[in-house]
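In what follows, a single structure is set out as structure tokens and then discussed.
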Amino acid sequence: MKSHYRVVVIGGGVVGASVLYHLARFGWTDVALVERSVLTAGSSWHAAGGFHALNADPNIAALQAYTIDLLGEIEKESGQSIGMHMTGGLTLAGTPDRWEWLQSAYRVFQTIGIDDCRLVTPEEAGELCPVMSTDGLLGGLWADREGYIDTTGTVHAYAGAAKKRGADVIEHNRVLELNQTADGWQVVTEKGTISCEHVVNAAGLWAKQVGRMAGVELPVSPLEHHYLVTDSIPEVAALDHELPMTVDLEGFTYMRQDQKGMLLGIYEIKHQHWMMDGAPWDYGIELLQEDLDRIENELTLGFSRYPCLQEAGIKTWVNGAFTFSPDGNPLVGPVPGKRGYWCACAVMAGFLQGGGVGKSLAEWIIHGEPEADVFGMDVARYGAFATNKQYIRETTGQFYTRRFVMSYPNEQLPAGRPLKMAPAHDAMTEAGCKWGVSWGLEVPLYFAPSGFEETPSLKRSNAFDLVGEECRAVRDGVGLLDISGFSRFEISGPNAERWLDRLLATRLPGPGRSRLAVMLSPEGRLKGDLTLFNWGNGTWWLMGSYYLRDWHMRWFNDHLDDGVMVRDIADDVVGFSLSGPKSRQVVENLTDQDIGSLPFMGCGTFDIGLIRARVGRLSVAGELGYEIHCSAAEHIALRRLLLAAGHDVGIREFGFNALLSLRLEKSFGIWSAEFTQGYTPGMTGMDRWIDWNKPDFIGQAAARAERDEQSAAQVLVTLDVEADGADTSGYEPIWSNGQRVGFVTSGGYGHTVGKSLALALVNRDLAKPGTRLSVHVVGVERSTTVIEASPYDPEGKAMRG
């Protein structure tokens with residue numbers, strides 16, 4: 001062990017070993033892994049070892065595909081067998097909704113390039129898995145690239161390959177404390193102190209304690225997980241091929257062959273947390289006592305699906321702990337406010353995702369940004385609210401219980417809610433508001449009559465007409481929307497303007513004006529679609545997506561200059577927006593200032609009734625509109641004032657479901673759909689907001705190269721979809737003459753224009769309006785046509801009127 005390394009990775013499971021390997025592979029060989037016991041002495045040794053090509057998040061599915069490809073490479077490079085069995089895999093559907101979902105998911109997998117999968121009938125599924133009963137099955141999805149590996153061998157292969165490239169692996173050496181220094185970190189271990197520039201928490205079951213050593217509270221918790229391994233089964237032994245990995249979603253089980261027997265794993269409804277503050281330091285290659293009463297119902301379903309289990313002897317029960325985050329995805333990346341401290345935690349499917357996690361984190365450490373868009377597993381997707389123990393208990397338990405439960409895009413789940421609420425929440429609830437959640441905050445979806453309950457659905461739900469009424473109220477009169485669910489950052493200081501001018505690719509607005517602000521990474525990829533307000537007194541605001549608050553603040557702090565102060569004011573400043581042709585009348589009823597002279601995209605301070613408010617004239621709905629910002633203490637009063645002032649013109653409250661429809665009719669993109677850190681300005685049309693005459697801004701060289709070379713192979717278009725009772729939502733494949741030529745970024749129904757609309761990235765040569773294509777909607781192929789952007793009010797007269 002040396003006294004100094006560039007990077008110290010804490011934790012000798014599959015994730016830590018993968019991070020170490022990728023750092024060395026990418027050229028950083030002065031790196032070490034420190035393990036308290038021996039490699040695999042945590043969750044890794046008792047994992048079932050299955051790997052699957054499929055994941056509902058396309059970006060994570062791509063990283064899983066990378067991991068599968070990598071496994072064979074590290075076996076060859078290390079000389080260590082990983083015991084790979086590429087058996088293929090089946091995912092089963094036993095209800096009409098599940099079968100419909102599986103057909104839809106199959107098309108999404110095509111979008112992301114997983115072409116080695118296909119839909120199968122119950123009869124075909126039975127032939128592929130002969131020991132399985134097909135009773136109740138409606139169909140399945142077969143994937144070629146699924147199977148299982150030897151978990152211990154795989155960890156040693158990663159570590160062995162890393163050592164061959166110059167990395168160190170130090171076992172039997174527990175980390176005792178972490179101390180941040182001016183140059184990085186001191187890692188105090190049982191065998192001495194190591195100094196390093198970067199430290200990676202890949203401690204698995206001990207991630208909570210290793211986080212606390214650095215003053216970081218991570219939203220993770222271990223939960224117990226059962227599987228059983230049988231003795232030899234005659235029906236299995238008689239086969240001339242190996243059983244496929246099989247997931248029975250309605251039965252809550254997964255199955256694979258184990259020698260001449262079977263392994264059956266269970267995601268039970270009655271979950272059980274274990275050691276929420278982290279495993280004991282002396283825990284390692286041990287198991288927990290099985291709890292058969294708790295898993296009895298799922299066992300019964302599993303034994304019915306595989307009748308040969310009913311006569312099989314059980315060789316081994318495994319009840320081991322795995323660490324979960326609130327949404328089940330990993331926690332990866334730099335921890336905000338802790339320079340040089342990195343997470344690679346809560347990788348529940350470590351042998352499936354570990355390769356992708358290691359690659360992305362190593363790229364992040366070395367290059368400042370991973371190649372893939374990994375926001376779905378970025379540690380910054382959670383804030384301080386998620387570190388509450390009860391929140392962690394509820395959300396991780398909910399995820400575990402619902403691991404194989406059918407989910408719907410319009411379904412609202414209860415765990416960890418309600419947590420954060422705008423002050424007018426109760427009054428809005430009394431008015432019929434139905435709520436969603438964003439970063440712990442309750443946000444309005446739509447308003448409904450008393451007693452209304454929305455039915456979860458893959459298609460248009462029973463709330464469809466209610467949302468349509470809200471859309472028409474906005475287009476014809478005036479709608480009121482709670483906009484507490486936007487982020488707000490206040491930028492001030494003597495160098496604020498200069499800093500913003502370099503941070504943003506957009507020309508800065510003058511005093512009393514606002515502008516859409518494009519923010520880029522050095523590689524020229526998008527980092528934000530923000531709105532910048534210049535209040536004219538040396539103070540600026542940046543507004544954006546509420547759930548990106550920590551993510552954006554980390555970016556701001558990483559690029560902060562002297563003489564600049566950035567403050568997150570989203571908990572202190574809230575507000576409402578007015579949208580519609582009668583919105584000016586409402587504001588005029590509440591102020592004696594000349595609100596009518598405020599130009600489109602203008603902003604200023606106005607007296608709105610008793611409230612001294614910050615007002616901007618803009619509207620995401622594409623109508624005449626005003627955003628009115630107030631303190632949290634004034635939120636209730638502002639709502640009352642606006643509703644009273646708008647009573648005579650028929651003001652109506654609306655929610656974000658209606659805003660989705662209204663913004664699609666204007667071809668307005670949103671973050672996480674049209675705009676992500678995986679896309680560029682040229683792809684998304686954001687290049688039209690770039691000030692190419694600016695002398696310098698982050699990402700300038702890459703953005704110029706894309707513009708000059710016209711290198712964006714796909715561009716954003718608007719589609720008119722010939723849908724029937726269902727609309728696109730995202731990642732559905734788009735086809736031209738049987739060739740996949742693009743995919744949907746977001747979609748829905750345009751209630752004003754009476755069309756099913758989608759925004760999509762398609763091949764540049766097919767982006768001309770009038771081009772006929774097709775798209776899969778909930779698994780069914782539908783005709784679609786590229787149309788001109790902004791099917792509603794294409795000249796923007798309503799917004800500017």
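Chains: A, B, ... in order of the structure tokens. Residues: from 1 per chain. Ligands: from 1, in order shown.
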**OP:** List the neighbours of Ala713 in chain A out to 6 Å using only C-alpha atoms; skip same-chain residues closer than 2 positions along the sequence, and give me the result as a PyMOL selection string.
**Re:** chain A and resi 711+763-764
Next, dump the selected residues to file, keeping only all heavy atoms, as a tab-separated table (two decimals), in the first residue's frame.
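What follows is the written file out05.tsv:
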chain	number	residue	atom	x	y	z
A	711	SER	N	-23.47	18.43	-38.28
A	711	SER	CA	-23.18	17.05	-37.88
A	711	SER	C	-24.33	16.37	-37.14
A	711	SER	O	-24.23	15.18	-36.84
A	711	SER	CB	-21.93	17.04	-36.99
A	711	SER	OG	-22.11	17.86	-35.86
A	763	ASN	N	-34.25	11.29	-38.60
A	763	ASN	CA	-33.16	11.53	-39.53
A	763	ASN	C	-33.38	12.82	-40.28
A	763	ASN	O	-34.49	13.12	-40.73
A	763	ASN	CB	-33.03	10.37	-40.51
A	763	ASN	CG	-32.62	9.07	-39.83
A	763	ASN	OD1	-32.27	9.06	-38.65
A	763	ASN	ND2	-32.66	7.98	-40.57
A	764	ARG	N	-32.30	13.58	-40.44
A	764	ARG	CA	-32.40	14.92	-41.01
A	764	ARG	C	-33.10	14.94	-42.38
A	764	ARG	O	-33.89	15.84	-42.67
A	764	ARG	CB	-31.00	15.52	-41.14
A	764	ARG	CG	-30.96	16.94	-41.65
A	764	ARG	CD	-29.52	17.40	-41.83
A	764	ARG	NE	-28.85	17.59	-40.56
A	764	ARG	CZ	-28.92	18.73	-39.85
A	764	ARG	NH1	-29.63	19.75	-40.29
A	764	ARG	NH2	-28.26	18.83	-38.71
Original post:
Quick one: residues within 8 Å of range 70-87 of chain A, only C-alpha atoms counted, chain neighbours fewer than 2 positions away excluded, as a PyMOL selection string?
Top reply: chain A and resi 66-68+89+144-154+156-158+160-161+164+242-245+355
Original post:
Got a sec: who's within 10 Å of Pro219 in chain A, counting only C-alpha atoms, leaving out chain neighbours fewer than 2 positions off, as a ChimeraX atom specification?
Top reply: /A:207-208,216-217,221,324-326,331,345-346,379,382-389,391-393,395-396
Original post:
Leaving out Val762 in chain A and any residue of its chain fewer than 3 positions from it, which residues lie within 6 Å of it when counting only C-alpha atoms, given as a list in words?
Top reply: Gln714, Val715, Val741 and Gly742 of chain A
How would the residues just picked look written out with C-alpha atoms as a short mmCIF file (atom, residue, chain, number, x, y, z; two decimals), in the first residue's frame?
data_model
loop_
_atom_site.label_atom_id
_atom_site.label_comp_id
_atom_site.auth_asym_id
_atom_site.auth_seq_id
_atom_site.Cartn_x
_atom_site.Cartn_y
_atom_site.Cartn_z
CA GLN A 714 -31.23 13.67 -36.32
CA VAL A 715 -33.29 16.80 -35.70
CA VAL A 741 -35.44 6.44 -38.53
CA GLY A 742 -36.03 8.11 -35.19
#
**OP:** Run DSSP on the backbone of this structure and report the residues of range 490-644 of chain A it assigns to strand (DSSP E), as a ChimeraX atom specification.
**Re:** /A:490-492,513-520,526-534,540-545,565-568,573-579,603-608,611-616,625-631
**OP:** Write out as a ChimeraX atom specification which residues come within 6 Å of range 224-231 of chain A when counting only C-alpha atoms, dropping same-chain ones fewer than 5 positions away.
**Re:** /A:261-266,272,313-321
Create the file for the chosen residues now, containing all heavy atoms and written as a compact mmCIF listing (two decimals), in the first residue's frame.
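part09.txt was written with the following content:
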# COMPACT_ATOMS: atom_id res chain seq x y z
N GLY A 261 -30.38 -28.30 -11.37
CA GLY A 261 -31.55 -27.88 -10.64
C GLY A 261 -31.97 -26.48 -11.06
O GLY A 261 -31.64 -26.02 -12.16
N MET A 262 -32.67 -25.79 -10.18
CA MET A 262 -33.19 -24.46 -10.50
C MET A 262 -32.94 -23.50 -9.35
O MET A 262 -32.84 -23.90 -8.18
CB MET A 262 -34.70 -24.55 -10.78
CG MET A 262 -35.05 -25.35 -12.02
SD MET A 262 -36.81 -25.77 -12.12
CE MET A 262 -37.56 -24.15 -12.25
N LEU A 263 -32.81 -22.23 -9.71
CA LEU A 263 -32.75 -21.14 -8.74
C LEU A 263 -34.02 -20.32 -8.91
O LEU A 263 -34.35 -19.90 -10.03
CB LEU A 263 -31.51 -20.28 -8.96
CG LEU A 263 -31.28 -19.09 -8.02
CD1 LEU A 263 -29.78 -18.79 -7.92
CD2 LEU A 263 -32.01 -17.82 -8.50
N LEU A 264 -34.75 -20.08 -7.83
CA LEU A 264 -35.98 -19.30 -7.87
C LEU A 264 -35.85 -18.14 -6.90
O LEU A 264 -35.66 -18.33 -5.70
CB LEU A 264 -37.19 -20.17 -7.49
CG LEU A 264 -38.55 -19.47 -7.60
CD1 LEU A 264 -38.96 -19.35 -9.07
CD2 LEU A 264 -39.62 -20.22 -6.81
N GLY A 265 -35.91 -16.92 -7.43
CA GLY A 265 -35.82 -15.71 -6.61
C GLY A 265 -37.14 -15.00 -6.53
O GLY A 265 -37.99 -15.11 -7.43
N ILE A 266 -37.33 -14.24 -5.45
CA ILE A 266 -38.64 -13.66 -5.14
C ILE A 266 -38.50 -12.19 -4.78
O ILE A 266 -37.65 -11.81 -3.98
CB ILE A 266 -39.30 -14.42 -3.97
CG1 ILE A 266 -39.57 -15.87 -4.35
CG2 ILE A 266 -40.58 -13.73 -3.52
CD1 ILE A 266 -39.90 -16.75 -3.18
N GLN A 272 -38.85 -6.38 3.70
CA GLN A 272 -38.25 -6.29 5.03
C GLN A 272 -36.93 -5.52 4.95
O GLN A 272 -35.99 -5.95 4.30
CB GLN A 272 -38.00 -7.69 5.61
CG GLN A 272 -37.38 -7.70 6.99
CD GLN A 272 -38.28 -7.08 8.05
OE1 GLN A 272 -39.44 -7.47 8.17
NE2 GLN A 272 -37.76 -6.10 8.79
N GLY A 313 -36.10 -31.19 -3.97
CA GLY A 313 -35.51 -30.88 -2.68
C GLY A 313 -34.83 -29.52 -2.73
O GLY A 313 -34.27 -29.14 -3.75
N ILE A 314 -34.91 -28.79 -1.62
CA ILE A 314 -34.26 -27.48 -1.54
C ILE A 314 -32.85 -27.66 -0.99
O ILE A 314 -32.67 -28.09 0.15
CB ILE A 314 -35.06 -26.51 -0.66
CG1 ILE A 314 -36.52 -26.45 -1.12
CG2 ILE A 314 -34.41 -25.13 -0.67
CD1 ILE A 314 -36.71 -25.98 -2.54
N LYS A 315 -31.86 -27.34 -1.80
CA LYS A 315 -30.48 -27.48 -1.39
C LYS A 315 -30.03 -26.31 -0.52
O LYS A 315 -29.34 -26.49 0.49
CB LYS A 315 -29.58 -27.61 -2.62
CG LYS A 315 -28.10 -27.76 -2.30
CD LYS A 315 -27.31 -28.21 -3.54
CE LYS A 315 -27.43 -27.22 -4.69
NZ LYS A 315 -26.63 -27.64 -5.87
N THR A 316 -30.43 -25.10 -0.91
CA THR A 316 -29.96 -23.91 -0.22
C THR A 316 -31.05 -22.84 -0.21
O THR A 316 -31.70 -22.61 -1.23
CB THR A 316 -28.72 -23.32 -0.93
OG1 THR A 316 -27.72 -24.33 -1.04
CG2 THR A 316 -28.17 -22.13 -0.15
N TRP A 317 -31.23 -22.20 0.94
CA TRP A 317 -31.99 -20.97 1.01
C TRP A 317 -31.01 -19.81 1.16
O TRP A 317 -30.09 -19.88 1.98
CB TRP A 317 -32.92 -20.98 2.24
CG TRP A 317 -34.19 -21.74 2.04
CD1 TRP A 317 -34.49 -22.99 2.50
CD2 TRP A 317 -35.34 -21.28 1.33
NE1 TRP A 317 -35.77 -23.36 2.12
CE2 TRP A 317 -36.31 -22.32 1.40
CE3 TRP A 317 -35.66 -20.12 0.64
CZ2 TRP A 317 -37.57 -22.22 0.81
CZ3 TRP A 317 -36.91 -20.01 0.05
CH2 TRP A 317 -37.85 -21.05 0.14
N VAL A 318 -31.21 -18.77 0.37
CA VAL A 318 -30.38 -17.58 0.48
C VAL A 318 -31.29 -16.40 0.83
O VAL A 318 -32.23 -16.09 0.10
CB VAL A 318 -29.63 -17.28 -0.84
CG1 VAL A 318 -28.91 -15.94 -0.75
CG2 VAL A 318 -28.63 -18.40 -1.14
N ASN A 319 -31.03 -15.79 1.95
CA ASN A 319 -31.68 -14.54 2.31
C ASN A 319 -30.57 -13.55 2.63
O ASN A 319 -29.96 -13.60 3.70
CB ASN A 319 -32.60 -14.73 3.52
CG ASN A 319 -33.34 -13.44 3.87
OD1 ASN A 319 -33.45 -12.54 3.05
ND2 ASN A 319 -33.84 -13.35 5.10
N GLY A 320 -30.28 -12.71 1.66
CA GLY A 320 -29.18 -11.76 1.80
C GLY A 320 -29.68 -10.34 1.58
O GLY A 320 -30.77 -10.12 1.05
N ALA A 321 -28.90 -9.37 1.99
CA ALA A 321 -29.29 -7.97 1.90
C ALA A 321 -28.66 -7.31 0.67
O ALA A 321 -27.51 -7.57 0.33
CB ALA A 321 -28.88 -7.22 3.15
**OP:** Using DSSP on the backbone, list every residue of range 61-130 of chain A that comes out as helix (DSSP H, G or I), and give them as a VMD selection string.
**Re:** chain A and resid 61 to 78 96 to 111 122 to 128
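Of the residues listed (A:Phe654, A:Arg403, A:Gly477, A:Asn495), A:Phe654 shows the shortest atom-to-atom separation from Phe447 in chain A; distances use only C-alpha atoms.
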Original post:
If we count only C-alpha atoms, what is near Thr676 in chain A at a cut-off of 9 Å, once residues fewer than 5 positions away on the same chain are taken out, given as a ChimeraX atom specification?
Top reply: /A:373,375,525-528,670-671
Subject >> For CA of Glu123 in chain A and CA of Thr300 in chain A, the interatomic separation in Å (one decimal) >> reply: 22.8 Å
**OP:** Tell me which protein, DNA and RNA residues are within 7 Å of Val744 in chain A, counting only C-alpha atoms, leaving out same-chain ones fewer than 4 positions away, and put them as a VMD selection string.
**Re:** chain A and resid 730 to 733 758 to 761
Under the rule of at most 9 Å, produce a per-residue listing of range 277-345 of chain A near range 557-572 of chain A: chain, number, name, the closest pair of atoms, and the distance in Å, as a Markdown table, using only C-alpha atoms.
| residue | atom | partner | partner_atom | distance |
| --- | --- | --- | --- | --- |
| A:Pro336 | CA | A:Asn557 | CA | 8.5 |
| A:Gly337 | CA | A:Asn557 | CA | 8.0 |
| A:Arg339 | CA | A:Asp558 | CA | 8.7 |
**OP:** Can you work out which one of A:Thr246, A:Thr134, A:Ser514, A:Asn179 has the shortest atom-to-atom distance to Ala214 in chain A, counting only C-alpha atoms?
**Re:**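 Using only C-alpha atoms, Ala214 in chain A sits closest to A:Asn179.
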Original post:
At what distance in Å, to one decimal, does CA of Met377 in chain A lie from CA of Tyr546 in chain A?
Top reply: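 Going from CA of Tyr546 in chain A over to CA of Met377 in chain A covers 17.2 Å.
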**OP:** Report the distance between CA of Glu523 in chain A and CA of Gln677 in chain A in Å, rounded to one decimal place.
**Re:** 10.1 Å
Subject >> Given only C-alpha atoms as the counted atoms, nearest of A:Glu197, A:Ala644, A:Phe556, A:Thr605 to Asn589 in chain A >> reply: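 Selected residue with least distance to Asn589 in chain A: A:Ala644.
Each of A:Ala162, A:Ala182, A:Val357, A:Ala24 was checked against Leu63 in chain A using only C-alpha atoms; the smallest atom-to-atom distance is that of A:Val357.
When only C-alpha atoms are used to measure the gap to Arg704 in chain A, the shortest distance among A:Met1, A:Ile690, A:Leu466, A:Val478 belongs to A:Ile690.
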